[in-house]
>>> print(open('model_20.txt').read())   # compact mmCIF, C-alpha atoms
# COMPACT_ATOMS: atom_id res chain seq x y z
CA MET A 1 54.96 -69.80 10.61
CA PRO A 2 56.12 -67.10 13.06
CA THR A 3 59.75 -66.36 13.78
CA CYS A 4 61.18 -68.94 16.14
CA ARG A 5 63.58 -68.80 19.07
CA GLU A 6 65.79 -71.39 20.71
CA MET A 7 64.40 -73.45 23.58
CA PRO A 8 66.50 -74.60 26.56
CA ALA A 9 68.17 -77.94 26.01
CA LEU A 10 66.64 -79.47 29.13
CA ALA A 11 62.92 -79.97 29.74
CA THR A 12 61.73 -77.53 32.38
CA SER A 13 58.30 -78.92 33.20
CA GLU A 14 56.14 -82.00 33.08
CA ARG A 15 54.59 -80.64 29.90
CA ASP A 16 58.04 -80.49 28.30
CA ARG A 17 58.67 -84.08 29.34
CA LEU A 18 55.38 -85.26 27.81
CA ARG A 19 56.12 -83.42 24.58
CA ALA A 20 59.63 -84.87 24.39
CA ASP A 21 58.17 -88.36 24.83
CA PHE A 22 55.61 -87.74 22.06
CA VAL A 23 58.30 -86.48 19.70
CA ARG A 24 60.45 -89.51 20.43
CA ARG A 25 57.58 -91.93 19.82
CA ALA A 26 56.77 -90.14 16.56
CA GLY A 27 60.32 -90.86 15.33
CA TRP A 28 61.71 -87.33 15.74
CA GLY A 29 63.72 -87.79 18.90
CA ASP A 30 66.92 -86.75 17.13
CA ALA A 31 65.53 -83.38 16.00
CA GLY A 32 66.31 -79.96 17.41
CA GLU A 33 63.36 -78.01 18.82
CA ARG A 34 62.46 -74.32 18.54
CA LEU A 35 59.45 -72.56 19.99
CA LEU A 36 57.19 -70.79 17.53
CA ALA A 37 55.01 -67.93 18.75
CA GLY A 38 51.74 -68.97 20.37
CA ASP A 39 48.35 -67.33 19.88
CA ALA A 40 45.44 -66.05 21.95
CA SER A 41 44.64 -69.61 23.08
CA PHE A 42 46.59 -72.05 25.28
CA ARG A 43 48.19 -73.66 22.22
CA LYS A 44 51.91 -73.47 21.47
CA TYR A 45 53.83 -74.61 18.42
CA PHE A 46 57.35 -76.02 18.16
CA ARG A 47 59.41 -76.59 15.04
CA LEU A 48 61.45 -79.78 14.88
CA SER A 49 64.46 -79.65 12.58
CA ARG A 50 66.96 -82.22 11.35
CA PRO A 51 69.08 -82.50 8.20
CA ARG A 52 66.46 -84.41 6.24
CA GLY A 53 63.49 -82.21 7.02
CA SER A 54 61.31 -80.43 9.55
CA ALA A 55 57.92 -80.79 11.22
CA VAL A 56 55.78 -78.85 13.68
CA VAL A 57 54.44 -79.99 17.05
CA MET A 58 51.15 -78.55 18.25
CA ASP A 59 51.10 -78.48 22.06
CA ALA A 60 47.42 -78.09 23.07
CA PRO A 61 47.14 -78.89 26.79
CA PRO A 62 43.95 -80.56 28.00
CA PRO A 63 41.47 -79.64 29.38
CA HIS A 64 41.89 -76.16 27.90
CA GLU A 65 42.33 -77.50 24.36
CA ASP A 66 41.18 -80.54 22.37
CA VAL A 67 43.17 -81.65 19.31
CA ARG A 68 40.43 -83.88 17.88
CA PRO A 69 38.55 -81.13 15.97
CA PHE A 70 41.81 -79.98 14.37
CA VAL A 71 42.54 -83.53 13.22
CA GLN A 72 39.04 -84.06 11.84
CA ILE A 73 38.75 -80.72 10.06
CA GLY A 74 42.35 -80.71 8.82
CA ARG A 75 42.04 -84.10 7.13
CA HIS A 76 38.67 -83.07 5.71
CA LEU A 77 40.11 -79.92 4.14
CA ILE A 78 42.86 -81.94 2.49
CA ASP A 79 40.21 -84.30 1.10
CA LEU A 80 38.47 -81.25 -0.38
CA GLY A 81 41.66 -80.35 -2.25
CA LEU A 82 42.88 -77.58 0.06
CA SER A 83 46.25 -77.05 1.75
CA ALA A 84 45.97 -77.82 5.46
CA PRO A 85 48.97 -79.31 7.31
CA ALA A 86 49.18 -83.08 6.92
CA ILE A 87 48.94 -84.80 10.32
CA HIS A 88 51.73 -87.30 10.90
CA ALA A 89 51.14 -88.36 14.53
CA VAL A 90 48.43 -87.82 17.15
CA ASP A 91 48.34 -88.03 20.96
CA GLU A 92 44.76 -87.09 21.82
CA ALA A 93 45.03 -87.84 25.54
CA ASN A 94 47.94 -85.47 26.14
CA GLY A 95 47.10 -82.93 23.43
CA PHE A 96 49.96 -83.24 20.94
CA LEU A 97 50.02 -83.36 17.13
CA LEU A 98 52.94 -83.77 14.74
CA LEU A 99 52.16 -81.67 11.67
CA GLU A 100 53.57 -81.03 8.22
CA ASP A 101 55.73 -77.90 8.28
CA LEU A 102 54.22 -75.48 5.77
CA GLY A 103 56.87 -72.85 6.45
CA ASP A 104 56.92 -69.30 7.76
CA ASP A 105 55.31 -67.36 4.92
CA THR A 106 52.06 -66.29 6.53
CA PHE A 107 50.08 -63.77 4.54
CA ALA A 108 50.95 -61.27 7.29
CA ARG A 109 54.66 -61.74 6.69
CA VAL A 110 54.41 -61.76 2.90
CA LEU A 111 52.30 -58.61 2.89
CA ALA A 112 54.74 -56.87 5.24
CA ALA A 113 57.53 -57.73 2.81
CA GLY A 114 55.67 -56.11 -0.09
CA GLY A 115 53.75 -59.11 -1.41
CA ASP A 116 50.99 -58.67 -3.97
CA GLU A 117 47.86 -57.91 -1.91
CA ALA A 118 45.50 -58.54 -4.81
CA GLU A 119 47.02 -61.94 -5.59
CA LEU A 120 47.04 -63.09 -1.97
CA TYR A 121 43.51 -61.99 -1.16
CA GLY A 122 42.22 -63.28 -4.46
CA ARG A 123 43.64 -66.74 -3.80
CA ALA A 124 42.25 -66.72 -0.25
CA THR A 125 38.83 -65.81 -1.64
CA ASP A 126 39.09 -68.76 -4.02
CA VAL A 127 39.47 -71.09 -1.03
CA LEU A 128 36.10 -69.87 0.23
CA VAL A 129 34.59 -70.31 -3.22
CA THR A 130 35.84 -73.91 -3.18
CA LEU A 131 34.13 -74.54 0.15
CA HIS A 132 30.90 -73.01 -1.12
CA ARG A 133 30.95 -75.09 -4.29
CA ALA A 134 31.51 -78.26 -2.27
CA GLY A 135 28.09 -77.72 -0.69
CA GLU A 136 26.91 -80.53 1.55
CA ARG A 137 30.12 -82.45 0.89
CA ALA A 138 31.99 -79.80 2.89
CA LEU A 139 29.69 -80.13 5.91
CA LEU A 140 30.90 -82.90 8.19
CA PRO A 141 28.24 -84.87 10.09
CA GLY A 142 27.61 -83.42 13.54
CA LEU A 143 29.16 -80.06 12.71
CA GLY A 144 27.74 -77.34 14.94
CA ALA A 145 25.82 -74.42 13.47
CA TYR A 146 27.12 -70.89 13.96
CA ALA A 147 23.73 -69.29 13.58
CA GLY A 148 20.83 -67.86 15.57
CA GLU A 149 21.41 -67.91 19.32
CA ALA A 150 24.98 -69.16 18.86
CA LEU A 151 25.83 -65.95 16.99
CA ILE A 152 24.16 -63.87 19.69
CA ASP A 153 25.90 -65.75 22.51
CA ALA A 154 29.29 -65.04 20.93
CA ALA A 155 28.41 -61.36 20.45
CA MET A 156 27.56 -61.02 24.16
CA LEU A 157 31.22 -60.18 24.76
CA LEU A 158 30.34 -56.60 23.87
CA PRO A 159 27.90 -55.94 26.77
CA ASP A 160 29.63 -58.39 29.09
CA TRP A 161 33.19 -57.04 28.74
CA TYR A 162 33.49 -53.90 26.64
CA LEU A 163 30.56 -51.90 27.97
CA PRO A 164 31.55 -52.29 31.66
CA GLU A 165 35.13 -51.30 30.77
CA ALA A 166 33.98 -48.22 28.87
CA SER A 167 31.24 -47.11 31.26
CA GLY A 168 32.89 -48.02 34.54
CA ARG A 169 29.92 -50.05 35.79
CA PRO A 170 28.34 -53.47 35.18
CA THR A 171 25.85 -53.68 32.35
CA PRO A 172 22.31 -53.64 33.80
CA ALA A 173 20.38 -56.87 33.22
CA GLU A 174 17.66 -55.07 31.30
CA GLU A 175 20.22 -53.62 28.89
CA THR A 176 21.76 -57.03 28.33
CA ALA A 177 18.29 -58.38 27.56
CA GLY A 178 17.71 -55.46 25.21
CA TYR A 179 20.93 -56.27 23.38
CA ARG A 180 19.80 -59.85 22.86
CA ALA A 181 16.41 -58.67 21.64
CA ALA A 182 18.07 -56.27 19.20
CA TRP A 183 20.17 -59.07 17.77
CA ARG A 184 17.15 -61.33 17.37
CA ALA A 185 15.40 -58.59 15.44
CA CYS A 186 18.45 -58.09 13.23
CA LEU A 187 18.99 -61.77 12.48
CA ALA A 188 15.34 -62.06 11.46
CA ASN A 189 16.46 -60.07 8.40
CA LEU A 190 19.03 -62.69 7.36
CA PRO A 191 18.01 -64.09 3.96
CA ALA A 192 17.52 -67.84 3.80
CA GLY A 193 20.29 -69.83 2.16
CA ALA A 194 22.32 -73.03 2.32
CA ASP A 195 25.02 -73.27 4.98
CA THR A 196 28.72 -73.31 4.14
CA LEU A 197 31.66 -74.71 6.09
CA LEU A 198 33.06 -71.85 8.19
CA LEU A 199 36.71 -71.97 9.28
CA ARG A 200 35.89 -69.19 11.80
CA ASP A 201 39.33 -67.51 12.11
CA TYR A 202 40.15 -66.92 8.47
CA HIS A 203 42.63 -64.03 8.24
CA LYS A 204 46.19 -63.11 7.30
CA ASP A 205 47.83 -64.66 10.39
CA ASN A 206 46.25 -68.05 9.73
CA LEU A 207 46.94 -68.23 5.99
CA LEU A 208 50.21 -69.34 4.40
CA TRP A 209 51.50 -68.43 0.96
CA LEU A 210 52.60 -71.59 -0.88
CA PRO A 211 53.26 -70.34 -4.43
CA GLU A 212 54.84 -73.62 -5.50
CA ARG A 213 51.45 -75.30 -5.19
CA PRO A 214 48.91 -74.98 -8.02
CA GLY A 215 45.64 -73.07 -7.95
CA VAL A 216 43.71 -72.84 -4.74
CA ARG A 217 46.30 -74.96 -2.92
CA ALA A 218 48.68 -71.99 -2.98
CA CYS A 219 46.77 -70.68 0.04
CA GLY A 220 47.52 -72.81 3.09
CA VAL A 221 45.08 -72.72 6.00
CA LEU A 222 45.71 -72.95 9.75
CA ASP A 223 43.73 -72.58 12.98
CA PHE A 224 40.49 -74.12 11.75
CA GLN A 225 39.66 -76.33 14.75
CA ASP A 226 36.61 -74.20 15.62
CA ALA A 227 35.00 -74.80 12.21
CA GLN A 228 31.21 -74.85 12.07
CA ARG A 229 28.47 -74.43 9.50
CA GLY A 230 26.84 -71.08 8.83
CA HIS A 231 26.35 -68.12 6.52
CA CYS A 232 28.67 -68.14 3.53
CA SER A 233 29.88 -64.55 4.07
CA TYR A 234 31.32 -65.11 7.54
CA ASP A 235 34.84 -66.18 6.54
CA LEU A 236 35.01 -63.51 3.84
CA VAL A 237 34.26 -60.95 6.57
CA SER A 238 37.12 -62.43 8.62
CA LEU A 239 39.45 -62.12 5.64
CA ILE A 240 38.73 -58.62 4.32
CA GLU A 241 37.57 -56.95 7.56
CA ASP A 242 40.62 -58.05 9.52
CA ALA A 243 40.81 -56.80 13.11
CA ARG A 244 44.58 -56.38 12.82
CA ARG A 245 45.09 -55.01 9.31
CA ASP A 246 43.59 -52.34 7.11
CA VAL A 247 42.58 -54.00 3.83
CA SER A 248 42.42 -51.52 0.98
CA PRO A 249 38.91 -50.56 -0.22
CA THR A 250 39.85 -51.77 -3.71
CA ILE A 251 40.75 -55.24 -2.46
CA HIS A 252 37.69 -55.32 -0.19
CA ALA A 253 35.40 -54.62 -3.13
CA ALA A 254 37.28 -56.96 -5.48
CA CYS A 255 37.04 -59.93 -3.10
CA ARG A 256 33.32 -59.46 -2.59
CA ALA A 257 32.79 -59.18 -6.34
CA ARG A 258 34.98 -62.23 -6.97
CA TYR A 259 33.06 -64.34 -4.47
CA LEU A 260 29.70 -63.26 -5.87
CA GLY A 261 30.82 -63.81 -9.45
CA GLU A 262 32.12 -67.32 -8.77
CA THR A 263 29.18 -68.47 -6.63
CA GLY A 264 26.30 -66.82 -8.47
CA LEU A 265 24.63 -65.72 -5.24
CA ASP A 266 22.04 -62.94 -5.17
CA LYS A 267 23.92 -59.67 -4.60
CA LYS A 268 21.39 -57.97 -2.31
CA ASP A 269 20.90 -61.03 -0.13
CA PHE A 270 24.63 -61.63 0.10
CA TYR A 271 25.38 -58.04 1.13
CA THR A 272 22.67 -58.18 3.79
CA GLY A 273 24.21 -61.35 5.19
CA PHE A 274 27.68 -59.81 4.95
CA ALA A 275 26.61 -56.78 7.02
CA LEU A 276 25.02 -58.99 9.67
CA MET A 277 28.03 -61.30 9.94
CA ALA A 278 30.39 -58.31 10.01
CA ALA A 279 28.47 -56.68 12.85
CA GLN A 280 28.40 -59.92 14.82
CA ARG A 281 32.11 -60.59 14.37
CA HIS A 282 33.17 -57.05 15.19
CA ALA A 283 30.95 -56.90 18.28
CA ARG A 284 32.48 -60.15 19.50
CA ILE A 285 36.05 -59.02 18.84
CA ILE A 286 35.57 -55.65 20.54
CA GLY A 287 34.53 -57.50 23.69
CA LEU A 288 37.13 -60.21 23.23
CA PHE A 289 40.01 -57.74 23.18
CA ILE A 290 38.88 -56.37 26.56
CA ARG A 291 38.52 -59.88 27.96
CA LEU A 292 42.04 -60.70 26.79
CA LEU A 293 43.19 -57.61 28.67
CA ARG A 294 41.30 -58.07 31.93
CA ARG A 295 41.07 -61.83 32.27
CA ASP A 296 44.22 -62.99 30.52
CA GLY A 297 46.60 -60.05 31.00
CA LYS A 298 47.12 -59.57 27.24
CA PRO A 299 47.03 -55.84 26.35
CA ASP A 300 48.62 -56.17 22.91
CA TYR A 301 45.26 -56.25 21.12
CA LEU A 302 44.05 -52.85 22.39
CA PRO A 303 45.65 -50.75 19.60
CA HIS A 304 43.42 -52.59 17.11
CA LEU A 305 40.17 -51.56 18.80
CA PRO A 306 39.73 -48.28 16.85
CA ARG A 307 39.94 -50.21 13.57
CA VAL A 308 37.36 -52.75 14.71
CA TRP A 309 35.06 -49.97 15.92
CA ARG A 310 35.26 -48.28 12.47
CA MET A 311 34.27 -51.51 10.75
CA PHE A 312 31.53 -52.18 13.31
CA GLU A 313 30.09 -48.70 12.80
CA ARG A 314 30.13 -49.21 9.04
CA SER A 315 28.25 -52.49 9.27
CA LEU A 316 25.65 -50.92 11.57
CA GLN A 317 24.63 -48.53 8.78
CA HIS A 318 22.91 -51.34 6.90
CA GLU A 319 19.14 -51.24 7.27
CA ALA A 320 19.09 -54.81 8.60
CA LEU A 321 21.11 -53.66 11.64
CA ALA A 322 18.80 -50.80 12.69
CA PRO A 323 17.72 -52.36 16.03
CA LEU A 324 21.32 -52.99 17.07
CA ARG A 325 22.43 -49.56 15.88
CA THR A 326 19.85 -47.99 18.17
CA TRP A 327 21.12 -49.97 21.17
CA VAL A 328 24.78 -49.16 20.44
CA ASP A 329 24.14 -45.46 19.90
CA ARG A 330 22.29 -45.25 23.22
CA LEU A 331 24.62 -47.34 25.41
CA LEU A 332 27.94 -46.76 23.64
CA PRO A 333 27.96 -43.23 22.19
CA PRO A 334 31.17 -42.14 20.39
CA PRO A 335 33.04 -41.00 23.55
CA LEU A 336 32.82 -44.56 24.91
CA ARG A 337 34.29 -46.07 21.74
CA ARG A 338 37.77 -44.67 22.25
CA ILE A 339 39.49 -47.41 24.27
CA GLY A 340 42.78 -48.15 22.53
CA ALA A 341 42.78 -44.89 20.57
CA ALA A 342 46.13 -43.06 20.47
>>> encode(input="model_20.txt", output="structure tokens")
Amino acid sequence: MPTCREMPALATSERDRLRADFVRRAGWGDAGERLLAGDASFRKYFRLSRPRGSAVVMDAPPPHEDVRPFVQIGRHLIDLGLSAPAIHAVDEANGFLLLEDLGDDTFARVLAAGGDEAELYGRATDVLVTLHRAGERALLPGLGAYAGEALIDAAMLLPDWYLPEASGRPTPAEETAGYRAAWRACLANLPAGADTLLLRDYHKDNLLWLPERPGVRACGVLDFQDAQRGHCSYDLVSLIEDARRDVSPTIHAACRARYLGETGLDKKDFYTGFALMAAQRHARIIGLFIRLLRRDGKPDYLPHLPRVWRMFERSLQHEALAPLRTWVDRLLPPPLRRIGAA
């Protein structure tokens, strides 16, 4: 988990008081507490330490966050033989969880220290193979589908946030409608196939290297509370077309080949689905980074926009994306794609 820093000894807010009470009730009242870095959501994480061990508190304040999906999906992943944090205590009403401490060795940190990129990405791909092989057993009852209009709704961040920022004016209603129509035409090209469990935010910052664990369990998973069902390529896109890291072309190709080889899927159909899911994810993230800037006052994501645009442009070259490519080329020509460029 991320580098931590000391917290003040005294609680400074009602939220601190509630967390301290939860920790005490969970049997960790004698532990020291350190704040771990948060993320783009309202969640924060705190490490509890004492001589005989450590644990992590997830602080997910209602109504902005709901810990129940994390609990349900996390326990389900463990049942499937994967390494998610064990959940030791739950306070649903106030939004607190006491979690197993899986350490600080995120893939991001291990890679920065010179870790073996091929080994890490190969093991992470194997997690996705495991989910695919589990089939229906991996799909919890009532799990939402990330498909069709849900994919389009998420991708609306591009015309709703990025285009106004780049053009200096609101997106006309007819152009927004045209964007939706383009996406519907594109998704009509998606080959039929069985759904897979999607973890939805599957990348280096949410994966932990646990080399002491055997096989697929060496890759620990975090931040899966938004899991849904959908096209099998989506999480692989998240992994090897990372918004915040350039993955080498060799690793990119090797992971796709590894997934195809282990699942036996049709290559052409899979690559069509991969291009569609890549375009959808990149369109969403391009808009999301502007929303984080304008709505939430978080500019740190802007330097990654040129990378995401490169990957988006690459995905748009697939024949299945022709309607969307036409819309993007008309409304967002290259000069409007330079936000965040040095």
>>> residues_near_point(input="model_20.txt", point="(37.0, -83.5, 16.2)", cutoff="12 Å", atoms="only C-alpha atoms", output="JSON, numbers by chain")
{"A": [65, 66, 67, 68, 69, 70, 71, 72, 73, 74, 75, 76, 92, 140, 141, 142, 143, 144, 224, 225, 226, 227, 228]}
>>> atom_distance(input="model_20.txt", atom1="CA of Arg284 (chain A)", atom2="CA of Tyr259 (chain A)")
24.3 Å
>>> residues_around(input="model_20.txt", residues="region 83-91 of chain A", least_positions_apart="4", cutoff="7 Å", atoms="only C-alpha atoms", output="PyMOL selection string")
chain A and resi 26+74+77-78+95-102+217+219-222
>>> write_last_selection(input="model_20.txt", atoms="C-alpha atoms", output="PDB file, keeping the file's coordinate frame")
ATOM      1  CA  ALA A  26      56.770 -90.140  16.560  1.00  0.00           C
ATOM      2  CA  GLY A  74      42.350 -80.710   8.820  1.00  0.00           C
ATOM      3  CA  LEU A  77      40.110 -79.920   4.140  1.00  0.00           C
ATOM      4  CA  ILE A  78      42.860 -81.940   2.490  1.00  0.00           C
ATOM      5  CA  GLY A  95      47.100 -82.930  23.430  1.00  0.00           C
ATOM      6  CA  PHE A  96      49.960 -83.240  20.940  1.00  0.00           C
ATOM      7  CA  LEU A  97      50.020 -83.360  17.130  1.00  0.00           C
ATOM      8  CA  LEU A  98      52.940 -83.770  14.740  1.00  0.00           C
ATOM      9  CA  LEU A  99      52.160 -81.670  11.670  1.00  0.00           C
ATOM     10  CA  GLU A 100      53.570 -81.030   8.220  1.00  0.00           C
ATOM     11  CA  ASP A 101      55.730 -77.900   8.280  1.00  0.00           C
ATOM     12  CA  LEU A 102      54.220 -75.480   5.770  1.00  0.00           C
ATOM     13  CA  ARG A 217      46.300 -74.960  -2.920  1.00  0.00           C
ATOM     14  CA  CYS A 219      46.770 -70.680   0.040  1.00  0.00           C
ATOM     15  CA  GLY A 220      47.520 -72.810   3.090  1.00  0.00           C
ATOM     16  CA  VAL A 221      45.080 -72.720   6.000  1.00  0.00           C
ATOM     17  CA  LEU A 222      45.710 -72.950   9.750  1.00  0.00           C
TER      18      LEU A 222
END
>>> residues_near_point(input="model_20.txt", point="(34.5, -55.5, -2.6)", cutoff="12 Å", atoms="only C-alpha atoms", output="list in words")
Ala118, Tyr121, Gly122, Thr125, Leu236, Val237, Leu239, Ile240, Glu241, Val247, Ser248, Pro249, Thr250, Ile251, His252, Ala253, Ala254, Cys255, Arg256, Ala257, Arg258, Tyr259, Leu260, Gly261, Lys267, Phe270, Tyr271 and Phe274 of chain A
>>> write_last_selection(input="model_20.txt", atoms="C-alpha atoms", output="mmCIF file, in the frame of the given file")
data_model
loop_
_atom_site.group_PDB
_atom_site.id
_atom_site.type_symbol
_atom_site.label_atom_id
_atom_site.label_comp_id
_atom_site.auth_asym_id
_atom_site.auth_seq_id
_atom_site.Cartn_x
_atom_site.Cartn_y
_atom_site.Cartn_z
ATOM 1 C CA ALA A 118 45.500 -58.540 -4.810
ATOM 2 C CA TYR A 121 43.510 -61.990 -1.160
ATOM 3 C CA GLY A 122 42.220 -63.280 -4.460
ATOM 4 C CA THR A 125 38.830 -65.810 -1.640
ATOM 5 C CA LEU A 236 35.010 -63.510 3.840
ATOM 6 C CA VAL A 237 34.260 -60.950 6.570
ATOM 7 C CA LEU A 239 39.450 -62.120 5.640
ATOM 8 C CA ILE A 240 38.730 -58.620 4.320
ATOM 9 C CA GLU A 241 37.570 -56.950 7.560
ATOM 10 C CA VAL A 247 42.580 -54.000 3.830
ATOM 11 C CA SER A 248 42.420 -51.520 0.980
ATOM 12 C CA PRO A 249 38.910 -50.560 -0.220
ATOM 13 C CA THR A 250 39.850 -51.770 -3.710
ATOM 14 C CA ILE A 251 40.750 -55.240 -2.460
ATOM 15 C CA HIS A 252 37.690 -55.320 -0.190
ATOM 16 C CA ALA A 253 35.400 -54.620 -3.130
ATOM 17 C CA ALA A 254 37.280 -56.960 -5.480
ATOM 18 C CA CYS A 255 37.040 -59.930 -3.100
ATOM 19 C CA ARG A 256 33.320 -59.460 -2.590
ATOM 20 C CA ALA A 257 32.790 -59.180 -6.340
ATOM 21 C CA ARG A 258 34.980 -62.230 -6.970
ATOM 22 C CA TYR A 259 33.060 -64.340 -4.470
ATOM 23 C CA LEU A 260 29.700 -63.260 -5.870
ATOM 24 C CA GLY A 261 30.820 -63.810 -9.450
ATOM 25 C CA LYS A 267 23.920 -59.670 -4.600
ATOM 26 C CA PHE A 270 24.630 -61.630 0.100
ATOM 27 C CA TYR A 271 25.380 -58.040 1.130
ATOM 28 C CA PHE A 274 27.680 -59.810 4.950
#
>>> closest_residue(input="model_20.txt", among="A:Phe22, A:Tyr301, A:Phe289, A:Trp309", to="Glu165 (chain A)", atoms="only C-alpha atoms")
A:Phe289
>>> atom_distance(input="model_20.txt", atom1="CA of Asp195 (chain A)", atom2="CA of His231 (chain A)")
5.5 Å
>>> residues_around(input="model_20.txt", residues="Gly193 (chain A)", least_positions_apart="5", cutoff="10 Å", atoms="only C-alpha atoms", output="PyMOL selection string")
chain A and resi 230-232+265+269-270+273
>>> closest_residue(input="model_20.txt", among="A:Leu199, A:Val328, A:Val56, A:Ala138", to="Asp79 (chain A)", atoms="only C-alpha atoms")
A:Ala138
>>> residues_around(input="model_20.txt", residues="Gly103 (chain A)", least_positions_apart="4", cutoff="12 Å", atoms="all atoms listed in the file", output="ChimeraX atom specification")
/A:1-4,36,47-49,53-56,85,99,107,109-110,207-211,220-222
>>> closest_residue(input="model_20.txt", among="A:Arg50, A:Gly168, A:Val129, A:Glu175", to="Gly27 (chain A)", atoms="all atoms listed in the file")
A:Arg50
